[in-house]
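To start, the structure itself, in structure tokens.
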2 protein chains.
Amino acid sequence: MNTSQQQLAEGILFTDEYQFTMAQMYFRLGLHEKPAQFDYFFRGCPDYGAHKAGFCVNAGLEWLLNWMQAARFRRPELECLRSQTGRAGTPVFSPDFLRWLEKAGNFDGLSMRAIPEGRVVHPNVPLAVVTGPLAAAQILETSLLNHLNYQTLIATKAARIRESGRGQLVIEFGTRRGHGKGVTAGARAALIGGADFSSNVGISHVLGLPPKGTHAHSMVQAFLALGMSELDAFRAFAETYPDDCVLLVDTIDSLGSGIPNAITVFEELKRKGHAPVGIRLDSGDLAHLSIEAVRMLNAAGFPETTIVLSNELDELSIWQIMTQIGQEAARNGLDADHIFRRLTYGVGTRLVTSAGDSALNGVYKLVALRQDSKWMPAMKLSDSPSKIPNPGDKRVWRLYDRRNKATADLVSTKDETPSEMPEIVLRHMTEASLQRTLHSKDLLAIEPLLEDILQEGRRKSPSPAIEEIRARRRSDMERLDPGVKRLMNPHIYHVSLSEKMWQMKQKLIAAMRAGLPHSEHQMTS
Amino acid sequence: MNTSQQQLAEGILFTDEYQFTMAQMYFRLGLHEKPAQFDYFFRGCPDYGAHKAGFCVNAGLEWLLNWMQAARFRRPELECLRSQTGRAGTPVFSPDFLRWLEKAGNFDGLSMRAIPEGRVVHPNVPLAVVTGPLAAAQILETSLLNHLNYQTLIATKAARIRESGRGQLVIEFGTRRGHGKGVTAGARAALIGGADFSSNVGISHVLGLPPKGTHAHSMVQAFLALGMSELDAFRAFAETYPDDCVLLVDTIDSLGSGIPNAITVFEELKRKGHAPVGIRLDSGDLAHLSIEAVRMLNAAGFPETTIVLSNELDELSIWQIMTQIGQEAARNGLDADHIFRRLTYGVGTRLVTSAGDSALNGVYKLVALRQDSKWMPAMKLSDSPSKIPNPGDKRVWRLYDRRNKATADLVSTKDETPSEMPEIVLRHMTEASLQRTLHSKDLLAIEPLLEDILQEGRRKSPSPAIEEIRARRRSDMERLDPGVKRLMNPHIYHVSLSEKMWQMKQKLIAAMRAGLPHSEHQMTS
């Protein structure tokens, strides 16, 4: 793709064909500017097969908002649509519809409430609520899902990896095997969810973070091919970067060649007054090699040097490495916690592609339409009750128990305020028999989660810096029960309906099954 | 990201930090313009867990070449690098190195031989061979891997899906859950590998293909919310698109409501002289529903209408659907082949994220360096023999048997011409005891696979249209043994070394293990 092709592919045509065909049909019927509400939510946390997430970390919103503000029908976009013909050979899109698109087919009329990026989020809770003209809100669907699904997927994986590494430094290394240009979004999401740094130079600079890295095997190979040695390569690298020297030790043999050569170079650096940073291990039994490396480095007088681990790492392999070190360190005369504190995790492919579950199942569903100043709830039945969305305009509340841990998310109708209720009934999303009652006095706080983000295309508050987003994640992770954060078989976090919301939904389902029009059962207020 | 941030993130800084730190070290030592050769290859076909690919379809090269030609150090890129400081607070990159980057830190000095896009390819065969100044070839690594790994991964998945669907129409639907902007590359790769069309409007227009689509559940929901019916929705859609009408029938109940309503609308279309196109099924037992839909549509006088299937499809679920239809059609008084011919597969998430194996394990390895007019092979040992790359400059040949099926890929030294050998010894890549001998008279053809693509930054031939790339895929798929194409437990395609290549590699491994410098064992010729 050249630059103009890329603009075409990534602008307002970055959507599915059916959004435009539906929009034109609404235009024909005069429904295109009818106020509509769509909810974005996901139906289940990522399930990696052998393990499953108990929560997600919300991400992608800021880039979606940037995209929405820039997306416009320019001449090239209109020309594309104008050129499309159907089976009969006639144009798919008519001139009057294209004129309307040019004038009003952007997102300036849309408003949005959303849960901010970095917040811990759960299934079946609306994370973004879009209101505005039906056609524009419909056209937005594909790009909204693309932006929010992927970044939330990766921020979640990064949070799990950080938990698994017990807060040790995590560096994102995934550009080489991630999915095309999507890796810039992936790196950003990883940095929101739990990675400290990225090796990707461009996106690091865009986000105001220093990119990080060591060196590749090819550097040592090049020296060998030229008749020199691994030691020569290490020495040359150390001379160029005396205060930032991390040496990759496994090109020939980590224990037999790489680490001894690294120690020789570290001693030379030390004599010249520099502090060597550390080594990187990229193959073999990383737990065993970490222990051996610490022993050798300690014996040589380098008890503080870092050990960077890499090679297809993810939350499970990090957990395994730390467990093995925990079991074997003492037998080797070492303190496991001391080793842990020296480890840095370089995590690439399995982080930015969310290996095991490569997509978040987020959806964007029409939940209400305004007819003559009244909002009518929109429903979709399904043979699977868990796939029936929650209709209408809603509020989302997070309830914190006396330990200041989040105990449930509550989805209510828009006119309820749980903090004013002495007792809060939490209904299971689909099972009529499952409910529990919380007493206000047992709750430390009740927090509304949705914030006003966009008012008819205008930002309600400035774009947050990545540090602010990361602070939200840290704060939410602290207030999440350890059982919900568990890597395998996590405790199921409660997402509940208020009693009023539950009754309204049941009434609508019954009406729809009976074939009654929604208008007989319009939402209260 | 705004536009200038996107340019920064996706230009020449779309690489890993260590490429620049290594390049600066080469610059310091005067090695930066030493001619080097790197090979790109992958080590194994995608392994989806329950099933595994027996081949790959090569893709991504054209977009890599476009990126290389556009990637430049402009002022913003140089400013980023200039601003980086190390632990001691001093700049990481020195002014003289940055001046060299500005002048020569692009890819205009690189040459490339490669296997063209669309060709069927196999593990451990160099798919792209880059030669040129060491520093520039090193800086290219990350972006080359990003472009080629992802598109090859997806073209491969698409080819499997096409095989599974026995050549029925496949439409790519993955933008909503793919990985950020990477989905444009994913859609292109899907269209190369086996998809006929994409629902993504922008990328379809860039590639010169019409985007395809039906409509969403939200359209029917909107009508219901406004007090109208599914039939009203279908009728309105049919009036807008009388010659292109595909109706989604599962918003309420496919058999009880959607299909009968669709038939009513089809009858109205027919009376007005239009041919209805078909229906889409998006939930439930798609095999059973397809049979029932065909029966109902046939009975109503629509024996030619298409049935589009969607809902988390991939090669296994399509195989399962077709098997079930094959078993149940006759019992329902229908011809299975007739049903198959009416099916179209809408494949999204699992295609563009390569569900089950979300990354191709492609690597980019230094294989030779020129020292005083002699090319020195570069090696990397490993405890795992399969991870030792094949050193030096090589040639790749595809051998076709008398059935005109590809029987093996042969990797030879650069001075061998297998077509001139009466007997060709094929050595296993790593196992000394495994070899077979082919006689030239038993071969229909011996085809060289690598083509000259780039000569010091200049294209050797114009960029091919997507139809040309697809034609290569079709031709190669026809010449691939059915056993290799099998969805599960495929026959292992032979990738072999020539006798001379094998001997050279063994000599180098022995020398390296003995600690001898490579110069004593430089490559012949």
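Order determines the names: the first chain of the structure tokens is A, the second B, and so forth; residues in each chain are numbered 1 upward, and ligands are numbered 1 upward as they are shown.
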Give one line per residue of chain B that approaches chain A to at most 6 Å, naming the two atoms of the closest pair and their distance in Å to one decimal, counting only C-alpha atoms; sort by chain then ascending residue number and deliver it as a tab-separated table.
residue	atom	partner	partner_atom	distance
B:Gln5	CA	A:Val206	CA	6.0
B:Leu8	CA	A:Gly202	CA	5.7
B:Ala9	CA	A:Gly202	CA	4.0
B:Leu13	CA	A:Gly202	CA	4.6
B:Phe14	CA	A:Gly202	CA	5.4
B:Thr15	CA	A:Asn200	CA	5.6
B:Asp16	CA	A:Asn200	CA	4.7
B:Glu17	CA	A:Ser199	CA	5.4
B:Tyr18	CA	A:Gly213	CA	5.0
B:Thr142	CA	A:Arg176	CA	5.0
B:Leu145	CA	A:Arg176	CA	5.0
B:Asn146	CA	A:Arg176	CA	4.4
B:His147	CA	A:Gly180	CA	5.9
B:Tyr150	CA	A:His179	CA	5.4
B:Arg176	CA	A:Asn146	CA	4.4
B:Arg177	CA	A:Asn146	CA	5.4
B:His179	CA	A:Gly182	CA	5.2
B:Gly180	CA	A:Gly182	CA	4.4
B:Lys181	CA	A:Gly182	CA	4.8
B:Gly182	CA	A:Gly182	CA	4.2
B:Ser199	CA	A:Asp16	CA	5.0
B:Asn200	CA	A:Asp16	CA	4.7
B:Val201	CA	A:Leu13	CA	5.4
B:Gly202	CA	A:Ala9	CA	4.0
B:Ile203	CA	A:Ala9	CA	5.0
B:Val206	CA	A:Gln5	CA	5.9
B:Pro211	CA	A:Glu17	CA	6.0
B:Lys212	CA	A:Glu17	CA	5.9
B:Gly213	CA	A:Tyr18	CA	5.0
B:Thr214	CA	A:Tyr18	CA	5.6
B:His215	CA	A:Tyr18	CA	5.3
B:Ser218	CA	A:Leu366	CA	5.7
B:Gln221	CA	A:Ala378	CA	5.8
B:Ala225	CA	A:Ala378	CA	5.0
B:Gly227	CA	A:Pro517	CA	5.2
B:Ile252	CA	A:Leu381	CA	5.8
B:Thr353	CA	A:Ser358	CA	6.0
B:Ala355	CA	A:Ser358	CA	6.0
B:Ser358	CA	A:Thr353	CA	6.0
B:Ala359	CA	A:Arg177	CA	5.9
B:Leu366	CA	A:Ser218	CA	5.8
B:Met376	CA	A:Ala225	CA	5.7
B:Ala378	CA	A:Ala225	CA	5.0
B:Leu381	CA	A:Ile252	CA	5.9
B:Pro517	CA	A:Gly227	CA	5.1
B:His518	CA	A:Ala225	CA	5.7
B:Ser519	CA	A:Gly227	CA	5.8
Write the residues you've just listed into a file as a short mmCIF file (atom, residue, chain, number, x, y, z; two decimals), in the first residue's frame, and include C-alpha atoms for each of them.
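Below is the file that was written, selection-v1.cif:
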data_model
loop_
_atom_site.label_atom_id
_atom_site.label_comp_id
_atom_site.auth_asym_id
_atom_site.auth_seq_id
_atom_site.Cartn_x
_atom_site.Cartn_y
_atom_site.Cartn_z
CA GLN B 5 2.38 10.15 15.54
CA LEU B 8 6.47 8.10 13.43
CA ALA B 9 5.19 4.77 14.77
CA LEU B 13 11.17 3.47 13.72
CA PHE B 14 8.78 0.51 13.31
CA THR B 15 11.58 -1.72 14.58
CA ASP B 16 13.22 -2.88 17.79
CA GLU B 17 15.56 -0.65 19.77
CA TYR B 18 18.41 -3.17 19.58
CA THR B 142 11.91 -6.45 12.77
CA LEU B 145 9.51 -10.35 10.14
CA ASN B 146 6.35 -8.42 11.01
CA HIS B 147 5.24 -8.13 7.38
CA TYR B 150 1.63 -12.35 9.73
CA ARG B 176 -14.19 -6.39 14.05
CA ARG B 177 -12.11 -8.77 16.12
CA HIS B 179 -5.67 -7.11 15.73
CA GLY B 180 -6.03 -3.37 15.20
CA LYS B 181 -4.97 -1.97 11.84
CA GLY B 182 -3.25 -5.30 11.18
CA SER B 199 -16.41 -7.34 3.97
CA ASN B 200 -13.84 -4.61 4.71
CA VAL B 201 -14.70 -1.71 2.42
CA GLY B 202 -11.36 0.14 2.44
CA ILE B 203 -8.99 -2.72 1.76
CA VAL B 206 -7.42 -0.71 -2.45
CA PRO B 211 -16.59 -5.51 -0.73
CA LYS B 212 -19.36 -7.92 0.25
CA GLY B 213 -21.91 -8.08 3.03
CA THR B 214 -25.48 -8.78 4.08
CA HIS B 215 -27.04 -6.91 7.04
CA SER B 218 -29.50 -4.58 14.60
CA GLN B 221 -34.02 -5.07 16.09
CA ALA B 225 -38.14 -1.42 18.59
CA GLY B 227 -43.18 -1.33 16.59
CA ILE B 252 -35.90 -14.05 16.17
CA THR B 353 -6.27 -14.08 14.00
CA ALA B 355 -7.06 -19.05 15.96
CA SER B 358 -1.64 -16.93 16.43
CA ALA B 359 1.90 -16.44 15.10
CA LEU B 366 22.68 -13.82 9.44
CA MET B 376 32.32 -16.08 5.12
CA ALA B 378 27.84 -17.28 9.60
CA LEU B 381 24.92 -23.53 17.15
CA PRO B 517 37.57 -19.72 13.44
CA HIS B 518 35.24 -19.80 10.44
CA SER B 519 37.95 -18.48 8.16
#
Close residues, Pro123 in chain A itself excluded, 6 Å, only C-alpha atoms, min 2 positions apart in chain, as a list in words: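 The contact residues come out as Phe42, Arg43, Gly44 and Val125 of chain A.
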Export of the given selection (N, CA, C and O atoms) as a PDB file, in the first residue's frame:
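Written output follows (part_19.pdb):
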ATOM      1  N   PHE A  42     -18.350  -7.302  26.297  1.00  0.00           N
ATOM      2  CA  PHE A  42     -17.867  -8.628  25.891  1.00  0.00           C
ATOM      3  C   PHE A  42     -18.589  -9.680  26.723  1.00  0.00           C
ATOM      4  O   PHE A  42     -19.064  -9.406  27.815  1.00  0.00           O
ATOM      5  N   ARG A  43     -18.667 -10.888  26.160  1.00  0.00           N
ATOM      6  CA  ARG A  43     -19.508 -11.897  26.788  1.00  0.00           C
ATOM      7  C   ARG A  43     -18.759 -12.807  27.738  1.00  0.00           C
ATOM      8  O   ARG A  43     -19.362 -13.464  28.579  1.00  0.00           O
ATOM      9  N   GLY A  44     -17.444 -12.880  27.584  1.00  0.00           N
ATOM     10  CA  GLY A  44     -16.673 -13.740  28.475  1.00  0.00           C
ATOM     11  C   GLY A  44     -15.215 -13.316  28.449  1.00  0.00           C
ATOM     12  O   GLY A  44     -14.739 -12.767  27.457  1.00  0.00           O
ATOM     13  N   VAL A 125     -20.983  -6.190  31.035  1.00  0.00           N
ATOM     14  CA  VAL A 125     -21.127  -4.820  31.515  1.00  0.00           C
ATOM     15  C   VAL A 125     -20.882  -3.897  30.321  1.00  0.00           C
ATOM     16  O   VAL A 125     -19.889  -4.085  29.614  1.00  0.00           O
TER      17      VAL A 125
END
Members of range 224-314 of chain A assigned strand (DSSP E or B) by DSSP, as a count of residues only: 11
Mind the document's chain letters and residue numbers, and return as a VMD selection string the residues of range 309-469 of chain B that DSSP labels helix (DSSP H, G or I). chain B and resid 315 to 328 330 to 332 336 to 342 349 to 352 385 to 387 418 to 420 440 to 442 466 to 469
Quick one: pull the distance between CA of Ala471 in chain A and CA of Glu117 in chain A, Å, one decimal. 10.3 Å
Do a neighbour search on Thr156 in chain B at 7 Å with only C-alpha atoms, toss out local chain neighbours closer than 3 positions, and write the hits as a list in words. Cys56, Val57, Thr152, Leu153, Ala159, Arg160 and Gly193 of chain B
Taking N, CA, C and O atoms for each residue, export the selection above as a short mmCIF file (atom, residue, chain, number, x, y, z; two decimals), in the first residue's frame.
data_model
loop_
_atom_site.label_atom_id
_atom_site.label_comp_id
_atom_site.auth_asym_id
_atom_site.auth_seq_id
_atom_site.Cartn_x
_atom_site.Cartn_y
_atom_site.Cartn_z
N CYS B 56 2.51 -23.91 3.82
CA CYS B 56 2.12 -22.51 4.02
C CYS B 56 1.94 -21.85 2.65
O CYS B 56 2.43 -22.35 1.64
N VAL B 57 1.23 -20.72 2.64
CA VAL B 57 1.11 -19.90 1.44
C VAL B 57 1.83 -18.58 1.71
O VAL B 57 1.53 -17.88 2.69
N THR B 152 1.81 -14.46 5.87
CA THR B 152 1.96 -15.88 5.52
C THR B 152 1.08 -16.74 6.43
O THR B 152 0.45 -17.71 5.98
N LEU B 153 1.03 -16.38 7.70
CA LEU B 153 0.16 -17.09 8.66
C LEU B 153 -1.29 -17.10 8.19
O LEU B 153 -1.97 -18.13 8.22
N ALA B 159 -6.07 -20.68 2.92
CA ALA B 159 -5.96 -21.80 1.96
C ALA B 159 -6.58 -23.06 2.56
O ALA B 159 -7.25 -23.83 1.85
N ARG B 160 -6.38 -23.27 3.84
CA ARG B 160 -6.98 -24.44 4.51
C ARG B 160 -8.50 -24.32 4.52
O ARG B 160 -9.22 -25.31 4.31
N GLY B 193 -4.69 -16.08 -0.04
CA GLY B 193 -4.64 -17.50 0.32
C GLY B 193 -5.87 -18.30 -0.05
O GLY B 193 -5.77 -19.51 -0.27
#
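Within the 12 Å cut-off around Thr264 in chain B, using only C-alpha atoms and omitting residues fewer than 6 positions from it on the same chain, the listed residues are Glu230, Leu231, Asp232, Phe234, Arg235, Ala238, Leu247, Ser257, Gly258, Lys270, Arg271, Pro276, Met296, Leu297, Ala300, Gly301 and Phe302 of chain B.
Rounded to one decimal, CA of Ser290 in chain A and CA of Asp314 in chain A lie 17.0 Å from each other.
Interatomic distance, CA of Glu447 in chain B to CA of Arg119 in chain B: 12.4 Å.
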Select, from A:Lys387, A:Arg341, A:Lys34, A:Lys500, the residue with the minimum atom-to-atom distance to Gly109 in chain A, counting only C-alpha atoms. A:Lys34
Extract, using only C-alpha atoms, all DNA, RNA and protein residues at most 9 Å from Pro126 in chain B, discarding same-chain residues fewer than 5 positions from it, and format them as a PyMOL selection string. chain B and resi 39-42+114-115+394-396+411+450
